[in-house]
Structure formats: C-alpha cells, structure tokens
$ cat protein37.cif   # mmCIF, C-alpha atoms
data_coords
loop_
_atom_site.label_atom_id
_atom_site.label_comp_id
_atom_site.auth_asym_id
_atom_site.auth_seq_id
_atom_site.Cartn_x
_atom_site.Cartn_y
_atom_site.Cartn_z
CA MET A 1 58.25 26.29 70.25
CA PRO A 2 58.17 29.84 68.83
CA ILE A 3 57.88 30.49 65.10
CA THR A 4 59.40 33.62 63.52
CA PRO A 5 57.91 35.25 61.58
CA ASN A 6 54.43 33.87 62.19
CA GLN A 7 53.06 35.29 58.93
CA GLY A 8 54.09 35.40 55.30
CA SER A 9 53.06 35.62 51.68
CA THR A 10 50.28 33.48 50.24
CA GLY A 11 52.71 32.74 47.43
CA GLY A 12 55.14 31.10 49.82
CA GLY A 13 58.87 31.77 49.88
CA THR A 14 59.04 33.21 53.41
CA THR A 15 62.05 32.16 55.46
CA VAL A 16 60.69 30.89 58.78
CA SER A 17 62.63 29.89 61.90
CA ILE A 18 61.11 27.42 64.36
CA THR A 19 62.82 27.02 67.73
CA GLY A 20 62.36 24.40 70.42
CA THR A 21 64.01 21.26 71.79
CA ASN A 22 64.93 17.88 70.32
CA LEU A 23 64.61 19.18 66.77
CA ALA A 24 67.77 17.55 65.37
CA GLY A 25 67.27 15.35 62.35
CA ALA A 26 64.00 16.99 61.33
CA ILE A 27 62.37 14.84 58.65
CA ALA A 28 59.53 17.16 57.67
CA VAL A 29 57.92 20.50 58.48
CA HIS A 30 54.27 20.82 57.52
CA PHE A 31 52.34 24.04 56.93
CA GLY A 32 48.86 22.64 57.04
CA THR A 33 48.99 19.75 54.59
CA LYS A 34 51.93 21.15 52.61
CA LEU A 35 55.60 20.41 53.13
CA ALA A 36 58.05 23.26 53.68
CA THR A 37 61.63 23.14 52.39
CA ILE A 38 64.10 22.65 55.24
CA THR A 39 67.19 24.84 54.78
CA ALA A 40 68.90 24.50 58.18
CA ASN A 41 68.49 22.29 61.23
CA THR A 42 70.00 22.02 64.71
CA ALA A 43 68.86 20.46 67.98
CA THR A 44 67.08 23.70 68.90
CA SER A 45 65.92 25.13 65.58
CA VAL A 46 64.66 24.39 62.10
CA THR A 47 64.76 26.96 59.30
CA VAL A 48 62.42 26.45 56.37
CA THR A 49 61.02 28.15 53.29
CA SER A 50 57.26 28.29 53.55
CA PRO A 51 55.06 26.73 50.85
CA SER A 52 52.16 28.64 49.32
CA GLY A 53 48.90 28.72 51.23
CA THR A 54 45.96 30.72 52.50
CA GLY A 55 44.43 31.59 55.83
CA THR A 56 45.80 30.29 59.13
CA VAL A 57 47.50 26.88 59.12
CA PRO A 58 49.11 24.66 61.78
CA VAL A 59 52.87 24.19 61.55
CA THR A 60 54.43 20.99 62.88
CA VAL A 61 57.94 19.56 62.92
CA THR A 62 58.47 15.83 62.48
CA THR A 63 61.68 14.15 63.69
CA PRO A 64 62.57 10.47 64.26
CA GLY A 65 61.10 10.97 67.72
CA GLY A 66 57.66 12.00 66.51
CA THR A 67 55.68 15.11 65.56
CA SER A 68 55.58 18.32 67.59
CA ASN A 69 52.62 20.29 68.82
CA PRO A 70 51.28 22.72 66.18
CA LEU A 71 51.98 26.45 65.93
CA SER A 72 49.90 28.88 63.90
CA PHE A 73 51.17 30.56 60.73
CA PHE A 74 49.14 33.28 59.01
CA TYR A 75 49.17 33.70 55.24
CA VAL A 76 48.94 37.30 54.06
CA GLY A 77 47.99 38.41 50.56
CA ALA A 78 50.10 40.85 48.56
CA PRO A 79 49.24 44.52 49.20
CA LEU A 80 46.95 46.44 46.85
CA LYS A 81 47.77 50.12 46.35
CA SER A 82 45.13 52.51 45.07
CA ASN A 83 46.88 55.90 45.09
CA LEU A 84 49.53 58.12 46.62
CA SER A 85 49.50 61.83 47.42
CA PRO A 86 51.26 64.05 46.58
CA VAL A 87 52.53 62.52 43.35
CA SER A 88 55.62 64.70 43.01
CA GLY A 89 58.19 66.57 45.06
CA VAL A 90 61.67 67.98 45.26
CA THR A 91 64.58 65.74 44.24
CA ALA A 92 66.17 66.30 47.65
CA GLY A 93 63.27 64.39 49.20
CA GLY A 94 62.02 64.98 52.74
CA ASN A 95 58.31 65.51 52.09
CA THR A 96 55.66 63.13 53.38
CA VAL A 97 53.61 60.95 51.02
CA THR A 98 50.41 59.12 51.95
CA ILE A 99 49.70 55.76 50.26
CA ASN A 100 46.21 54.27 50.33
CA GLY A 101 45.33 50.66 49.54
CA ILE A 102 44.53 47.30 51.14
CA GLY A 103 46.74 44.94 53.14
CA LEU A 104 49.22 47.61 54.25
CA SER A 105 49.30 46.83 57.99
CA THR A 106 52.49 44.72 57.75
CA ALA A 107 54.37 47.13 55.47
CA THR A 108 58.09 47.18 56.19
CA ALA A 109 59.46 49.15 53.23
CA VAL A 110 58.46 51.54 50.48
CA ASN A 111 60.79 51.83 47.51
CA PHE A 112 61.04 54.94 45.37
CA GLY A 113 62.85 53.51 42.39
CA THR A 114 65.81 51.70 43.94
CA VAL A 115 65.86 53.76 47.14
CA SER A 116 64.09 52.29 50.18
CA ALA A 117 62.28 54.15 52.97
CA THR A 118 60.65 52.89 56.16
CA PRO A 119 56.91 53.68 56.32
CA THR A 120 54.65 54.55 59.23
CA VAL A 121 51.56 52.32 59.16
CA VAL A 122 48.36 54.22 59.96
CA ASN A 123 46.07 51.24 59.46
CA ASP A 124 45.52 48.39 57.01
CA THR A 125 44.38 50.82 54.29
CA GLN A 126 46.86 53.67 54.74
CA LEU A 127 50.50 54.41 55.44
CA THR A 128 52.74 57.46 55.32
CA VAL A 129 56.38 57.65 54.33
CA THR A 130 59.08 60.30 54.15
CA VAL A 131 60.33 60.45 50.57
CA PRO A 132 64.05 59.66 50.28
CA ALA A 133 66.32 61.77 48.09
CA GLY A 134 66.11 60.89 44.41
CA THR A 135 69.06 60.21 42.18
CA ALA A 136 67.75 62.57 39.48
CA ALA A 137 64.65 64.46 38.39
CA GLY A 138 62.01 62.28 36.75
CA ALA A 139 59.41 59.62 37.46
CA VAL A 140 60.18 56.49 39.50
CA GLY A 141 58.09 53.46 40.37
CA VAL A 142 56.81 53.11 43.93
CA SER A 143 56.54 49.67 45.53
CA VAL A 144 55.29 48.60 48.96
CA THR A 145 56.69 45.50 50.68
CA THR A 146 54.59 43.70 53.31
CA ALA A 147 54.53 40.23 54.84
CA GLY A 148 52.38 39.29 51.85
CA GLY A 149 54.91 40.37 49.24
CA THR A 150 55.72 43.40 47.12
CA ASN A 151 53.31 45.32 44.93
CA ASN A 152 54.23 47.88 42.28
CA GLY A 153 52.10 50.06 40.03
CA LEU A 154 52.36 53.60 41.39
CA SER A 155 54.61 56.41 40.22
CA TYR A 156 56.25 59.41 41.91
CA THR A 157 57.96 62.25 40.07
CA TYR A 158 61.06 63.94 41.43
CA VAL A 159 61.32 67.60 40.45
CA ASP A 160 64.43 69.74 40.83
CA ALA A 161 63.98 72.76 43.10
CA PRO A 162 63.56 76.10 41.29
CA THR A 163 66.14 78.90 41.22
CA LEU A 164 65.66 82.56 40.32
CA GLY A 165 67.81 85.14 38.56
CA THR A 166 67.52 88.92 38.36
CA PRO A 167 64.10 90.12 37.17
CA SER A 168 63.77 92.58 34.31
CA PRO A 169 62.75 95.28 34.88
CA ALA A 170 63.58 95.26 38.59
CA SER A 171 61.33 98.19 39.46
CA GLY A 172 57.96 99.69 38.61
CA PRO A 173 55.14 101.89 39.89
CA THR A 174 53.22 101.12 43.06
CA SER A 175 50.06 100.98 40.95
CA GLY A 176 51.29 97.69 39.51
CA GLY A 177 50.80 96.54 35.95
CA THR A 178 54.49 96.14 35.13
CA THR A 179 55.32 93.09 33.01
CA VAL A 180 58.36 91.48 34.58
CA THR A 181 60.49 88.74 33.08
CA ILE A 182 61.83 86.40 35.77
CA PRO A 183 64.70 84.12 34.72
CA GLY A 184 65.67 80.95 36.56
CA THR A 185 65.72 77.17 36.34
CA ASN A 186 63.17 74.38 36.85
CA LEU A 187 60.23 76.75 36.39
CA THR A 188 57.99 74.56 34.21
CA THR A 189 55.73 73.49 37.09
CA THR A 190 55.28 77.01 38.51
CA GLN A 191 52.05 77.25 40.50
CA SER A 192 52.19 80.80 41.81
CA VAL A 193 54.20 84.04 41.76
CA THR A 194 53.96 86.71 44.45
CA PHE A 195 55.41 90.22 44.83
CA GLY A 196 55.60 91.23 48.47
CA GLY A 197 53.11 88.50 49.32
CA ALA A 198 50.54 89.60 46.73
CA ALA A 199 49.66 87.12 43.98
CA ALA A 200 50.64 88.12 40.45
CA PRO A 201 49.22 86.86 37.15
CA PHE A 202 51.93 84.88 35.38
CA SER A 203 52.71 82.67 32.41
CA VAL A 204 55.47 80.10 32.02
CA ILE A 205 57.53 80.92 28.94
CA SER A 206 59.96 78.02 29.36
CA ASP A 207 61.68 76.02 32.06
CA THR A 208 64.04 78.97 32.49
CA GLU A 209 61.68 81.95 32.21
CA ILE A 210 58.42 83.28 33.66
CA SER A 211 56.52 86.41 32.72
CA ALA A 212 54.52 88.05 35.52
CA VAL A 213 52.48 91.25 35.90
CA THR A 214 53.05 93.10 39.15
CA PRO A 215 50.09 93.63 41.47
CA PRO A 216 49.74 97.00 43.25
CA GLY A 217 52.25 97.43 46.07
CA THR A 218 53.81 99.75 48.64
CA ALA A 219 56.88 101.79 47.77
CA GLY A 220 60.10 99.96 48.52
CA ALA A 221 61.86 96.66 47.82
CA VAL A 222 59.77 93.48 48.03
CA ASP A 223 60.47 89.76 47.74
CA ILE A 224 59.53 87.75 44.67
CA VAL A 225 58.42 84.23 45.59
CA VAL A 226 57.92 81.53 42.96
CA THR A 227 56.27 78.26 43.97
CA THR A 228 56.55 75.10 41.86
CA SER A 229 55.63 71.48 42.50
CA ALA A 230 59.12 71.10 43.97
CA GLY A 231 58.70 73.92 46.47
CA SER A 232 59.17 77.66 46.76
CA VAL A 233 62.14 79.93 46.10
CA THR A 234 62.48 83.51 47.33
CA ASP A 235 64.38 86.31 45.60
CA THR A 236 64.76 88.72 48.51
CA GLY A 237 64.11 92.39 47.73
CA ALA A 238 64.27 91.65 44.03
CA PHE A 239 61.64 94.13 42.89
CA THR A 240 61.29 97.77 43.94
CA TYR A 241 57.98 99.61 43.90
CA ILE A 242 58.37 103.30 43.08
CA ALA A 243 55.81 105.82 44.24
CA GLY A 244 54.40 108.13 41.61
CA PRO A 245 54.81 111.92 41.77
CA GLY A 246 52.36 114.06 43.64
CA ILE A 247 51.71 117.79 43.41
#
$ encode --input "protein37.cif" --output "structure tokens"
Amino acid sequence: MPITPNQGSTGGGTTVSITGTNLAGAIAVHFGTKLATITANTATSVTVTSPSGTGTVPVTVTTPGGTSNPLSFFYVGAPLKSNLSPVSGVTAGGNTVTINGIGLSTATAVNFGTVSATPTVVNDTQLTVTVPAGTAAGAVGVSVTTAGGTNNGLSYTYVDAPTLGTPSPASGPTSGGTTVTIPGTNLTTTQSVTFGGAAAPFSVISDTEISAVTPPGTAGAVDIVVTTSAGSVTDTGAFTYIAGPGI
C-alpha cells in the first residue's frame, strides 16, 4: 500500500494519496494518533490532508473491514535560509545564485517575487538556482519551498544592464591622464572602468554619467568596458590614444 508523498510539513496540510486494495468506505486515516481529513476515496485509493505532527509516524487506513498495515510518513520542518549570494543581478536573469540554510534537501521551488525557478539541491544546507528574468529593476523577496513548507526572508535585487554612449573627449595622449566623461544608463552600481583592458580611476556622477581618467595606453583605438552589478558593457573602439610628437 504505497503512500505518496511519504513526507510533508510539520504543520500539516500536505495532500497525501494512499493506494491499495479494499479501501472503499474508508472510515478513518490515522497519522500516528491523529486523524487525517479524507478528501477522496475509491476501492484502490484514499486521498487525505495530513494533520500536523513531528518525526516519523505510522499511517493506517480503517474501513468497515478493519485496519490496514502501517506505512511510514516523515514530517519535515520548514526550511531555514541564512543567506544568498550574489544578492543582485541583471533584470534579464540567467545568473546562478547559491542559497545556504537548513532543511533544503527537499526543495522543489525558489520564488523570486512571483516568478518560480527550479533549484538544484547540493545538500541539506545548500542549493543553487538559475535566476529567472525579473519583471522590473528593484528588490524582490526570495522564498524556498520544500516538503516542510515555504520560508521567506531573503531579498534579491534586479538591476538593469548598463548602456554606454559616446565618450567626451574621445581621444587623448598615450601617456594617459585625460578626464573622460562617459554617458550611458544604469551606471549607478559601476564597479570598474577599463580602457583597452587597463583599469581607470573613475567616479559615478549619476545613473547616466561616469567620469574616468585614462590610464597610459598604446596609440590607436581601444575598447571602453564598464562593469556594474548587472554585468559589463563594451563600447568598441570608443577611445583613441594619440602618440605624442617626437623629434
């Protein structure tokens, strides 16, 4: 007489299907000493809503013909989440987040706001999940659903990907030291700016403007790359290093 699922929340409320023979007219289904609520019944199955409980309990079905042999049902506590990393990413989603906690081994879903994703369980204290696309930039609650229930309490921030406009000035000496204004969008969380792969000192003026000082470079056009918490954007050949005169 199989029981599906064979585990559920300590708070009860799990829909459980018990299959077997001669089950018609079920009078009672016990989870340990507690009665479950019968919601459907045929000659080969009984569907119930589990009562609250703890640990492992025997489940029996009683009909006018007697009481069945017991099956085991395992009560699982609600998951506890301690942290997630990283805590932000691009609104388009696609990056991987690691969630640490306790009681995560039966995780079946992770919700980012109202959008659900299927996690990969590493062990009872850790899972990973690919972040789904967000509906808009901003913070959303993160919840984990396991056999023991759903737990909230963590937050993830969606950040729109950056864009870049034409820098001003667009050229300068190979010795570096040119102050360049870089326009764009979603630049508030800028983490680095490079010219031809070399890091440049920078300051965020606003969400639409960065000021950077060019490092020394080699004559010719180089890429400007701006990295924010939502990812990197490349402005190909946007700045030209000009060699100084020689005599």
$ resolve_selection --input "protein37.cif" --expression "the PyMOL selection byres ((chain A and resi 14) around 9)" --output "list in words"
Pro5, Gln7, Gly8, Ser9, Gly11, Gly12, Gly13, Thr15, Val16, Val48, Thr49, Ser50, Pro51 and Ala147 of chain A
$ residues_around --input "protein37.cif" --residues "A:Asn41" --least-positions-apart "4" --cutoff "9 Å" --atoms "all atoms listed in the file" --output "VMD selection string"
chain A and resid 23 to 26 45 to 48
$ closest_atom_pairs --input "protein37.cif" --of "stretch 71-130 of chain A" --to "stretch 149-163 of chain A" --cutoff "9 Å" --atoms "only C-alpha atoms" --output "Markdown table"
| residue | atom | partner | partner_atom | distance |
| --- | --- | --- | --- | --- |
| A:Val76 | CA | A:Gly149 | CA | 8.3 |
| A:Gly77 | CA | A:Gly149 | CA | 7.3 |
| A:Ala78 | CA | A:Gly149 | CA | 4.9 |
| A:Pro79 | CA | A:Asn151 | CA | 6.0 |
| A:Leu80 | CA | A:Asn151 | CA | 6.7 |
| A:Lys81 | CA | A:Asn151 | CA | 7.5 |
| A:Ser82 | CA | A:Leu154 | CA | 8.2 |
| A:Asn83 | CA | A:Leu154 | CA | 7.0 |
| A:Leu84 | CA | A:Leu154 | CA | 7.5 |
| A:Pro86 | CA | A:Tyr156 | CA | 8.3 |
| A:Val87 | CA | A:Tyr156 | CA | 5.1 |
| A:Ser88 | CA | A:Thr157 | CA | 4.5 |
| A:Gly89 | CA | A:Tyr158 | CA | 5.3 |
| A:Val90 | CA | A:Val159 | CA | 4.8 |
| A:Thr91 | CA | A:Tyr158 | CA | 4.9 |
| A:Ala92 | CA | A:Asp160 | CA | 7.8 |
| A:Gly93 | CA | A:Tyr158 | CA | 8.1 |
| A:Phe112 | CA | A:Tyr156 | CA | 7.4 |
| A:Gly113 | CA | A:Tyr156 | CA | 8.9 |
$ resolve_selection --input "protein37.cif" --expression "the PyMOL selection byres ((chain A and resi 244) around 10)" --output "list of chain:residue names"
A:Gly172, A:Pro173, A:Thr174, A:Ser175, A:Ala219, A:Tyr241, A:Ile242, A:Ala243, A:Pro245, A:Gly246
$ closest_residue --input "protein37.cif" --among "A:Pro64, A:Gly148, A:Gly231, A:Pro169" --to "A:Leu104" --atoms "only C-alpha atoms"
A:Gly148
$ resolve_selection --input "protein37.cif" --expression "the PyMOL selection byres ((chain A and resi 98) around 6)" --output "PDB file with C-alpha atoms, in the frame of the given file"
ATOM      1  CA  LEU A  84      49.530  58.120  46.620  1.00  0.00           C
ATOM      2  CA  SER A  85      49.500  61.830  47.420  1.00  0.00           C
ATOM      3  CA  VAL A  97      53.610  60.950  51.020  1.00  0.00           C
ATOM      4  CA  ILE A  99      49.700  55.760  50.260  1.00  0.00           C
ATOM      5  CA  LEU A 127      50.500  54.410  55.440  1.00  0.00           C
ATOM      6  CA  THR A 128      52.740  57.460  55.320  1.00  0.00           C
TER       7      THR A 128
END
$ closest_residue --input "protein37.cif" --among "A:Ser105, A:Ser168, A:Asn123, A:Thr188" --to "A:Val144" --atoms "all atoms listed in the file"
A:Ser105
$ closest_residue --input "protein37.cif" --among "A:Asn100, A:Asn111, A:Asn186, A:Thr214" --to "A:Ala199" --atoms "all atoms listed in the file"
A:Thr214
$ atom_distance --input "protein37.cif" --atom1 "atom CA of A:Ala43" --atom2 "atom CA of A:Ile18"
11.0 Å
